[in-house]
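What follows is the content of query_17.pdb, which has PDB, C-alpha atoms:
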```
MODEL        1
ATOM      1  CA  MET J   1       0.000   0.000   0.000
ATOM      2  CA  ALA J   2       3.016   2.242   0.211
ATOM      3  CA  ASP J   3       3.351   4.621  -2.701
ATOM      4  CA  ASN J   4       5.506   3.169  -4.988
ATOM      5  CA  GLU J   5       3.627   2.541  -6.766
ATOM      6  CA  SER J   6       8.170   1.056  -8.242
ATOM      7  CA  ARG J   7      18.867   8.913 -13.560
ATOM      8  CA  THR J   8      28.756  10.774 -17.888
ATOM      9  CA  PRO J   9      29.184  11.756 -21.392
ATOM     10  CA  LEU J  10      26.192  11.664 -23.696
ATOM     11  CA  LEU J  11      25.917   8.975 -26.341
ATOM     12  CA  SER J  12      24.756  10.102 -29.749
ATOM     13  CA  THR J  13      21.942   8.165 -31.410
ATOM     14  CA  GLN J  14      24.414   6.709 -33.907
ATOM     15  CA  GLU J  15      26.801   5.581 -31.169
ATOM     16  CA  ALA J  16      23.934   4.002 -29.255
ATOM     17  CA  LEU J  17      22.795   2.037 -32.279
ATOM     18  CA  LEU J  18      26.340   0.875 -33.036
ATOM     19  CA  SER J  19      26.698  -0.529 -29.516
ATOM     20  CA  ALA J  20      24.401  -3.431 -30.450
ATOM     21  CA  ASP J  21      25.856  -6.777 -31.535
ATOM     22  CA  VAL J  22      25.550  -6.620 -35.330
ATOM     23  CA  ALA J  23      27.346  -8.690 -37.979
ATOM     24  CA  GLN J  24      30.107  -6.754 -39.741
ATOM     25  CA  LEU J  25      30.056  -6.572 -43.557
ATOM     26  CA  GLU J  26      33.104  -8.191 -45.172
ATOM     27  CA  LEU J  27      34.052  -7.277 -48.762
ATOM     28  CA  PRO J  28      36.472  -9.195 -51.031
ATOM     29  CA  PHE J  29      39.415  -7.397 -52.596
ATOM     30  CA  MET J  30      38.566  -5.903 -56.038
ATOM     31  CA  ALA J  31      39.537  -3.167 -58.447
ATOM     32  CA  SER J  32      39.129   0.351 -57.173
ATOM     33  CA  GLY J  33      36.101   1.244 -59.335
ATOM     34  CA  GLY J  34      34.154  -1.895 -58.469
ATOM     35  CA  ARG J  35      35.247  -1.610 -54.874
ATOM     36  CA  ARG J  36      33.886   1.952 -54.596
ATOM     37  CA  ALA J  37      30.600   0.893 -56.182
ATOM     38  CA  ALA J  38      30.308  -2.069 -53.834
ATOM     39  CA  LEU J  39      31.152   0.099 -50.834
ATOM     40  CA  SER J  40      28.580   2.684 -51.891
ATOM     41  CA  ALA J  41      25.881   0.035 -52.322
ATOM     42  CA  ALA J  42      26.840  -1.548 -49.004
ATOM     43  CA  ALA J  43      26.698   1.825 -47.276
ATOM     44  CA  ARG J  44      23.234   2.537 -48.662
ATOM     45  CA  GLN J  45      22.072  -0.919 -47.600
ATOM     46  CA  SER J  46      23.569  -0.439 -44.136
ATOM     47  CA  ARG J  47      21.902   2.966 -43.690
ATOM     48  CA  LEU J  48      18.559   1.557 -44.827
ATOM     49  CA  ALA J  49      18.850  -1.395 -42.452
ATOM     50  CA  GLY J  50      19.814   0.965 -39.628
ATOM     51  CA  ARG J  51      16.749   3.118 -40.255
ATOM     52  CA  LYS J  52      14.489   0.059 -40.347
ATOM     53  CA  GLU J  53      16.075  -1.262 -37.144
ATOM     54  CA  ALA J  54      15.576   2.072 -35.393
ATOM     55  CA  ARG J  55      11.927   2.141 -36.405
ATOM     56  CA  ARG J  56      11.533  -1.413 -35.142
ATOM     57  CA  LEU J  57      13.102  -0.777 -31.768
ATOM     58  CA  VAL J  58      11.813   2.589 -30.617
ATOM     59  CA  ALA J  59       8.488   4.378 -30.608
ATOM     60  CA  PRO J  60       8.654   7.465 -32.869
ATOM     61  CA  ARG J  61       7.523  10.735 -31.275
ATOM     62  CA  VAL J  62       8.246  14.306 -32.292
ATOM     63  CA  GLY J  63       9.353  17.173 -30.117
ATOM     64  CA  ARG J  64      11.216  14.999 -27.626
ATOM     65  CA  PRO J  65      14.307  15.980 -25.604
ATOM     66  CA  LEU J  66      17.564  14.765 -27.117
ATOM     67  CA  GLU J  67      18.661  13.041 -23.895
ATOM     68  CA  GLU J  68      15.409  11.040 -23.856
ATOM     69  CA  ILE J  69      15.944   9.876 -27.443
ATOM     70  CA  GLU J  70      19.558   8.905 -26.703
ATOM     71  CA  LEU J  71      18.610   6.874 -23.634
ATOM     72  CA  GLU J  72      15.769   5.164 -25.493
ATOM     73  CA  HIS J  73      18.079   4.131 -28.351
ATOM     74  CA  GLY J  74      20.774   3.001 -25.932
ATOM     75  CA  VAL J  75      18.400   0.756 -23.995
ATOM     76  CA  ALA J  76      16.612  -0.482 -27.143
ATOM     77  CA  CYS J  77      19.857  -1.931 -28.485
ATOM     78  CA  HIS J  78      19.766  -4.557 -25.730
ATOM     79  CA  LEU J  79      16.122  -5.614 -26.072
ATOM     80  CA  PRO J  80      14.970  -8.874 -27.680
ATOM     81  CA  PRO J  81      14.332  -8.667 -31.435
ATOM     82  CA  GLY J  82      10.859  -7.511 -32.356
ATOM     83  CA  LYS J  83      10.199  -5.660 -29.108
ATOM     84  CA  LEU J  84       9.204  -1.992 -29.248
ATOM     85  CA  LEU J  85      10.424   0.446 -26.588
ATOM     86  CA  ASP J  86       8.609   3.567 -25.452
ATOM     87  CA  LEU J  87      10.826   5.351 -22.904
ATOM     88  CA  ARG J  88      10.178   8.701 -21.321
ATOM     89  CA  LEU J  89      12.084  10.741 -18.753
ATOM     90  CA  THR J  90      10.122  12.143 -15.822
ATOM     91  CA  ASP J  91      10.612  14.189 -12.680
ATOM     92  CA  ASN J  92       8.589  11.763 -10.550
ATOM     93  CA  ARG J  93      10.053  11.846  -7.033
ATOM     94  CA  TYR J  94       8.272   8.735  -5.817
ATOM     95  CA  THR J  95       8.650   6.190  -8.627
ATOM     96  CA  ILE J  96      12.146   6.402 -10.105
ATOM     97  CA  VAL J  97      11.716   3.611 -12.669
ATOM     98  CA  SER J  98       8.469   1.992 -13.740
ATOM     99  CA  VAL J  99       7.964  -0.681 -16.395
ATOM    100  CA  ARG J 100       4.827  -1.858 -18.141
ATOM    101  CA  ARG J 101       5.521  -5.065 -20.046
ATOM    102  CA  GLY J 102       3.337  -5.912 -23.028
ATOM    103  CA  ARG J 103       3.383  -8.719 -25.559
ATOM    104  CA  GLU J 104       5.083  -6.589 -28.206
ATOM    105  CA  SER J 105       6.399  -3.576 -26.334
ATOM    106  CA  TYR J 106       7.808  -2.121 -23.131
ATOM    107  CA  GLN J 107       6.677   1.187 -21.670
ATOM    108  CA  VAL J 108       9.349   2.626 -19.394
ATOM    109  CA  ARG J 109       9.264   5.762 -17.278
ATOM    110  CA  ALA J 110      12.615   6.710 -15.755
ATOM    111  CA  HIS J 111      13.680   9.661 -13.649
ATOM    112  CA  ARG J 112      15.654  12.357 -15.430
ATOM    113  CA  MET J 113      18.749  11.345 -13.466
ATOM    114  CA  PHE J 114      19.207   8.579 -16.081
ATOM    115  CA  ALA J 115      19.781  11.132 -18.857
ATOM    116  CA  GLY J 116      23.299  10.633 -20.222
ATOM    117  CA  ALA J 117      23.661   7.249 -18.543
ATOM    118  CA  GLU J 118      26.808   5.320 -19.396
ATOM    119  CA  PRO J 119      26.537   2.138 -21.539
ATOM    120  CA  ARG J 120      26.712  -0.328 -18.642
ATOM    121  CA  LEU J 121      23.794   1.451 -16.953
ATOM    122  CA  MET J 122      21.802   1.258 -20.193
ATOM    123  CA  ARG J 123      22.465  -2.485 -20.354
ATOM    124  CA  ALA J 124      21.406  -2.851 -16.714
ATOM    125  CA  LEU J 125      18.231  -0.897 -17.385
ATOM    126  CA  ALA J 126      17.459  -3.160 -20.357
ATOM    127  CA  ARG J 127      18.006  -6.317 -18.260
ATOM    128  CA  TYR J 128      15.734  -4.911 -15.577
ATOM    129  CA  VAL J 129      13.060  -4.045 -18.140
ATOM    130  CA  VAL J 130      13.119  -7.456 -19.843
ATOM    131  CA  HIS J 131      14.015  -9.908 -17.083
ATOM    132  CA  ASN J 132      13.650  -7.964 -13.812
ATOM    133  CA  ASP J 133      17.246  -9.084 -13.310
ATOM    134  CA  GLN J 134      18.448  -8.952  -9.685
ATOM    135  CA  ARG J 135      22.035  -7.884 -10.456
ATOM    136  CA  ALA J 136      20.737  -5.177 -12.762
ATOM    137  CA  CYS J 137      18.302  -4.069 -10.065
ATOM    138  CA  ALA J 138      21.154  -3.794  -7.558
ATOM    139  CA  LEU J 139      23.230  -1.700  -9.978
ATOM    140  CA  LEU J 140      20.290   0.605 -10.659
ATOM    141  CA  GLY J 141      19.672   0.885  -6.918
ATOM    142  CA  GLU J 142      23.267   1.973  -6.307
ATOM    143  CA  PHE J 143      23.006   4.557  -9.079
ATOM    144  CA  ILE J 144      19.771   5.946  -7.636
ATOM    145  CA  GLU J 145      21.303   6.162  -4.145
ATOM    146  CA  GLN J 146      24.289   8.055  -5.554
ATOM    147  CA  ASN J 147      22.035  10.536  -7.347
ATOM    148  CA  GLN J 148      19.522  11.310  -4.605
ATOM    149  CA  ASP J 149      20.696  14.927  -4.724
ATOM    150  CA  GLN J 150      19.082  15.295  -8.161
ATOM    151  CA  ILE J 151      15.719  14.396  -6.667
ATOM    152  CA  ARG J 152      16.155  16.904  -3.858
ATOM    153  CA  ARG J 153      17.351  19.571  -6.309
ATOM    154  CA  HIS J 154      14.198  19.214  -8.401
ATOM    155  CA  MET J 155      11.938  19.239  -5.361
ATOM    156  CA  GLY J 156      12.447  22.963  -4.725
ATOM    157  CA  GLN J 157       9.997  24.296  -2.233
ATOM    158  CA  ALA J 158       7.611  21.907  -0.560
ATOM    159  CA  ARG J 159       4.352  21.547  -2.432
ATOM    160  CA  ARG J 160       1.296  23.140  -0.928
ATOM    161  CA  ILE J 161      -1.121  20.300  -0.259
ATOM    162  CA  VAL J 162      -4.728  20.908   0.651
ATOM    163  CA  LEU J 163      -5.784  18.447   3.340
ATOM    164  CA  ARG J 164      -9.360  17.143   3.256
ATOM    165  CA  THR J 165      -9.955  15.103   6.383
ATOM    166  CA  ARG J 166     -13.706  15.441   6.955
ATOM    167  CA  GLY J 167     -15.669  13.108   4.718
ATOM    168  CA  ARG J 168     -19.356  12.386   4.359
ATOM    169  CA  VAL J 169     -19.147   9.486   6.843
ATOM    170  CA  PHE J 170     -15.678   9.447   8.418
ATOM    171  CA  ASP J 171     -13.326  12.130   9.721
ATOM    172  CA  LEU J 172      -9.749  11.052   8.974
ATOM    173  CA  ALA J 173      -8.316  13.537  11.475
ATOM    174  CA  GLU J 174     -10.254  11.834  14.262
ATOM    175  CA  VAL J 175      -9.116   8.390  13.078
ATOM    176  CA  TYR J 176      -5.470   9.448  12.826
ATOM    177  CA  HIS J 177      -5.266  11.163  16.239
ATOM    178  CA  ARG J 178      -7.049   8.296  17.970
ATOM    179  CA  LEU J 179      -4.695   5.689  16.486
ATOM    180  CA  ASN J 180      -1.638   7.857  17.092
ATOM    181  CA  ALA J 181      -2.479   8.178  20.773
ATOM    182  CA  ARG J 182      -3.355   4.501  21.259
ATOM    183  CA  TYR J 183      -0.620   2.737  19.281
ATOM    184  CA  PHE J 184       2.206   5.271  18.809
ATOM    185  CA  ASP J 185       2.084   7.283  22.074
ATOM    186  CA  GLY J 186       1.259  10.361  20.002
ATOM    187  CA  ARG J 187       4.808  10.483  18.616
ATOM    188  CA  LEU J 188       4.065  10.343  14.906
ATOM    189  CA  ASP J 189       4.013  13.670  13.066
ATOM    190  CA  LEU J 190       2.213  12.867   9.821
ATOM    191  CA  ARG J 191      -0.518  14.373   7.689
ATOM    192  CA  ILE J 192      -3.594  12.656   6.313
ATOM    193  CA  THR J 193      -6.178  13.425   3.653
ATOM    194  CA  TRP J 194      -8.793  11.843   1.450
ATOM    195  CA  GLY J 195      -7.433  11.231  -2.033
ATOM    196  CA  ALA J 196      -8.955  12.504  -5.252
ATOM    197  CA  ALA J 197     -11.897  10.523  -6.597
ATOM    198  CA  ARG J 198     -10.990   9.049  -9.977
ATOM    199  CA  GLN J 199     -13.435   6.763 -11.677
ATOM    200  CA  ARG J 200     -11.984   4.533 -14.385
ATOM    201  CA  ARG J 201     -13.751   2.021 -16.513
ATOM    202  CA  SER J 202     -12.548  -1.574 -16.361
ATOM    203  CA  GLN J 203     -10.525  -0.728 -13.237
ATOM    204  CA  ARG J 204      -9.062  -3.891 -11.736
ATOM    205  CA  SER J 205      -7.261  -2.482  -8.728
ATOM    206  CA  ILE J 206      -7.080   0.615  -6.560
ATOM    207  CA  LYS J 207      -4.663   1.922  -3.967
ATOM    208  CA  ILE J 208      -6.795   1.957  -0.850
ATOM    209  CA  GLY J 209      -4.112   3.817   1.057
ATOM    210  CA  THR J 210      -0.719   5.340   0.230
ATOM    211  CA  TYR J 211       2.092   6.993   2.148
ATOM    212  CA  GLN J 212       4.358   9.617   0.571
ATOM    213  CA  VAL J 213       7.663   9.726   2.420
ATOM    214  CA  GLU J 214       8.822  13.184   1.318
ATOM    215  CA  ASP J 215       5.547  14.878   2.253
ATOM    216  CA  ARG J 216       4.864  12.653   5.314
ATOM    217  CA  LEU J 217       1.401  12.346   3.845
ATOM    218  CA  ILE J 218      -1.188   9.563   4.083
ATOM    219  CA  ARG J 219      -3.830   9.434   1.371
ATOM    220  CA  VAL J 220      -6.952   7.305   1.760
ATOM    221  CA  HIS J 221      -9.129   6.376  -1.197
ATOM    222  CA  PRO J 222     -12.482   8.206  -0.988
ATOM    223  CA  LEU J 223     -14.374   4.983  -1.743
ATOM    224  CA  LEU J 224     -13.835   4.113   1.920
ATOM    225  CA  ASP J 225     -15.942   7.099   2.974
ATOM    226  CA  HIS J 226     -19.124   5.016   2.828
ATOM    227  CA  GLU J 227     -21.694   3.748   5.331
ATOM    228  CA  MET J 228     -21.042   0.135   4.363
ATOM    229  CA  VAL J 229     -17.326   0.321   5.228
ATOM    230  CA  PRO J 230     -16.703  -0.830   8.832
ATOM    231  CA  ARG J 231     -14.806   1.569  11.043
ATOM    232  CA  TYR J 232     -12.358  -1.189  11.979
ATOM    233  CA  PHE J 233     -11.447  -1.617   8.308
ATOM    234  CA  LEU J 234     -10.706   2.088   7.859
ATOM    235  CA  ASP J 235      -8.742   2.006  11.124
ATOM    236  CA  TRP J 236      -6.599  -0.831   9.775
ATOM    237  CA  ILE J 237      -5.892   1.002   6.513
ATOM    238  CA  VAL J 238      -4.822   4.167   8.335
ATOM    239  CA  PHE J 239      -2.803   2.140  10.887
ATOM    240  CA  HIS J 240      -0.965   0.385   8.046
ATOM    241  CA  GLU J 241       0.034   3.697   6.461
ATOM    242  CA  MET J 242       1.061   5.099   9.839
ATOM    243  CA  LEU J 243       3.457   2.177  10.201
ATOM    244  CA  HIS J 244       5.163   3.389   7.030
ATOM    245  CA  GLY J 245       5.717   6.673   8.822
ATOM    246  CA  LYS J 246       7.331   4.814  11.727
ATOM    247  CA  HIS J 247       9.524   2.320   9.839
ATOM    248  CA  ALA J 248      12.101   3.561   7.355
ATOM    249  CA  ILE J 249      12.392   1.973   3.928
ATOM    250  CA  ARG J 250      15.300  -0.461   3.762
ATOM    251  CA  ARG J 251      17.352  -1.730   0.864
ATOM    252  CA  VAL J 252      17.652  -5.535   0.755
ATOM    253  CA  GLY J 253      19.510  -7.237  -2.094
ATOM    254  CA  GLY J 254      19.425  -4.078  -4.167
ATOM    255  CA  ARG J 255      15.656  -3.668  -3.734
ATOM    256  CA  ARG J 256      13.745  -1.305  -1.511
ATOM    257  CA  CYS J 257      11.880  -3.137   1.247
ATOM    258  CA  PHE J 258       8.701  -1.317   2.257
ATOM    259  CA  HIS J 259       7.524  -3.943   4.757
ATOM    260  CA  PRO J 260      10.433  -5.118   6.945
ATOM    261  CA  PRO J 261       9.813  -7.947   9.463
ATOM    262  CA  GLU J 262       9.068  -5.605  12.370
ATOM    263  CA  PHE J 263       6.525  -3.777  10.204
ATOM    264  CA  ALA J 264       4.667  -6.999   9.406
ATOM    265  CA  ARG J 265       4.828  -8.096  13.049
ATOM    266  CA  GLU J 266       3.318  -4.853  14.358
ATOM    267  CA  GLU J 267       0.609  -4.872  11.710
ATOM    268  CA  GLN J 268      -0.461  -8.399  12.604
ATOM    269  CA  GLU J 269      -0.734  -7.319  16.252
ATOM    270  CA  PHE J 270      -3.425  -4.829  15.294
ATOM    271  CA  PRO J 271      -6.568  -6.079  17.117
ATOM    272  CA  ASP J 272      -8.811  -6.113  14.037
ATOM    273  CA  TYR J 273      -6.148  -7.249  11.555
ATOM    274  CA  GLY J 274      -7.748 -10.639  10.836
ATOM    275  CA  ARG J 275     -11.318  -9.556  10.281
ATOM    276  CA  ALA J 276     -10.203  -6.459   8.343
ATOM    277  CA  ARG J 277      -8.351  -8.705   5.888
ATOM    278  CA  LEU J 278     -11.403 -10.956   5.588
ATOM    279  CA  TRP J 279     -13.675  -7.975   4.944
ATOM    280  CA  GLU J 280     -11.312  -6.694   2.252
ATOM    281  CA  LYS J 281     -11.272 -10.069   0.486
ATOM    282  CA  ALA J 282     -15.046 -10.400   0.603
ATOM    283  CA  ASN J 283     -15.763  -6.850  -0.562
ATOM    284  CA  LEU J 284     -12.913  -6.039  -2.972
ATOM    285  CA  ASP J 285     -15.094  -6.330  -6.077
ATOM    286  CA  LYS J 286     -17.656  -3.986  -4.569
ATOM    287  CA  LEU J 287     -14.945  -1.472  -3.735
ATOM    288  CA  LEU J 288     -13.658  -1.532  -7.311
ATOM    289  CA  SER J 289     -17.137  -0.991  -8.689
ATOM    290  CA  GLY J 290     -17.610   1.987  -6.394
ATOM    291  CA  GLU J 291     -20.527   0.332  -4.619
ATOM    292  CA  PRO J 292     -19.283  -1.015  -1.232
TER     293      PRO J 292
ENDMDL
END
```

Kindly present the structure from the file in C-alpha cells form.
Amino acid sequence: MADNESRTPLLSTQEALLSADVAQLELPFMASGGRRAALSAAARQSRLAGRKEARRLVAPRVGRPLEEIELEHGVACHLPPGKLLDLRLTDNRYTIVSVRRGRESYQVRAHRMFAGAEPRLMRALARYVVHNDQRACALLGEFIEQNQDQIRRHMGQARRIVLRTRGRVFDLAEVYHRLNARYFDGRLDLRITWGAARQRRSQRSIKIGTYQVEDRLIRVHPLLDHEMVPRYFLDWIVFHEMLHGKHAIRRVGGRRCFHPPEFAREEQEFPDYGRARLWEKANLDKLLSGEP
C-alpha cells in the first residue's frame, strides 16, 4: 500500500545504435572502381537497415528531448528482437523507474537522473526491463542512491497540499489522532487526507491507502468514505500507512523493502487485523465498482 507505486558523457543516437551486436560486412578485394561501387551500395544498404532497425526498436515521437531519445536508443539496443520500446524521462520523485511489459512492447518511465547514462547502466536498465534481473536491479539501486541529490534539487519548495480530512461518513483527522495516541504514544508527526476521486472504466485495482515519504502524507481512497465500510477496516488502513511513517524503507539485495519484518509483526498485532483482511477479500469487487 506504500506509494511506490516502483537517472557521464552523452551517447549520440548513432553511437547508441552501433553498440548493439551486429554482424560486420566483409568485402572481397577488387579493383578500385568496383570496390567503390560495392562500398557505396553496401553503405546505402547499411543505412537503410539501420533506419528500419531504429523504427523497429523505438516508438517514434516528435518534439522529444535529445537526452530522452539517446537513452531510449541506448536501452533499445539490448532488447529482444521484435520488441518496441517507449521510454520517457520524468521528474517523478516517488517512482524512479516503472515498467509496463506488453506482448510486443515495453513502456518505461525513468527519472531524469538517467539522462546521459553510461553504456553499462543502459544495459542494466534493459536487463531490468526485460528480465527484472536482480544484479541489474542492484546496480540501478546503487546509481539511484548516488544521485539522490538530483531528486532533492528538483523538489524545490515543498508543495502546498490541501488536506481534506472530513468526509461524508468518516473524519480522517479523528481516526489518525485516535490511532496515534493509542498505538504510537502520540509520537508520529504525519498528515492525512482523502485522495482525489478518480473513476476509471474496467478498473481492476485501486490503492486503498498510500504513504508519501517526502511529504509525510497519508492518502486514503475516498471509496472508503461510505456507510457500508466498517470503522475497523478504515482504522486498519490508516494504521498500516502510519506504520510506514514509523519504519524507514530499507534496501535488501538491491531492492527497496517497504515492509520489513518488524513492520509486518506490528501490523499483525493490530486487534482487528484478521477480520479487516477478511472484509477486504469479501468486498474487494464492490470497492472496485464503487458500490461497497

Give me, as JSON, numbers by chain, all polymer residues having an atom no more than 10 Å from Trp279 of chain J, counting all atoms listed in the file and skipping those fewer than 2 positions away in the same chain. {"J": [229, 230, 232, 233, 274, 275, 276, 277, 281, 282, 283, 284]}

Give me, as a JSON list (two decimals) with C-alpha atoms, in the frame of the given file, all polymer residues having an atom no more than 9 Å from Val108 of chain J, counting only C-alpha atoms and skipping those fewer than 2 positions away in the same chain.
```json
[["chain", "number", "residue", "atom", "x", "y", "z"],
["J", 85, "LEU", "CA", 10.42, 0.45, -26.59],
["J", 86, "ASP", "CA", 8.61, 3.57, -25.45],
["J", 87, "LEU", "CA", 10.83, 5.35, -22.90],
["J", 88, "ARG", "CA", 10.18, 8.70, -21.32],
["J", 89, "LEU", "CA", 12.08, 10.74, -18.75],
["J", 97, "VAL", "CA", 11.72, 3.61, -12.67],
["J", 98, "SER", "CA", 8.47, 1.99, -13.74],
["J", 99, "VAL", "CA", 7.96, -0.68, -16.40],
["J", 100, "ARG", "CA", 4.83, -1.86, -18.14],
["J", 101, "ARG", "CA", 5.52, -5.07, -20.05],
["J", 106, "TYR", "CA", 7.81, -2.12, -23.13],
["J", 110, "ALA", "CA", 12.62, 6.71, -15.76],
["J", 129, "VAL", "CA", 13.06, -4.04, -18.14]]
```

Just how far from atom CA of Gln134 of chain J is atom CA of Arg120 of chain J, in Å to one decimal?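 Atom CA of Gln134 of chain J lies at a distance of 14.9 Å from atom CA of Arg120 of chain J.
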
Neighbours of Phe184 of chain J within 12 Å (all atoms listed in the file; same-chain residues fewer than 3 positions away dropped), as a ChimeraX atom specification? /J:176-181,187-190,239,242-243,245-247,266

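Residues of protein, DNA or RNA having at least one counted atom within 6 Å of (16.1, 14.0, -19.7), given all atoms listed in the file, are Glu67, Glu68, Leu89, Arg112 and Ala115 of chain J.
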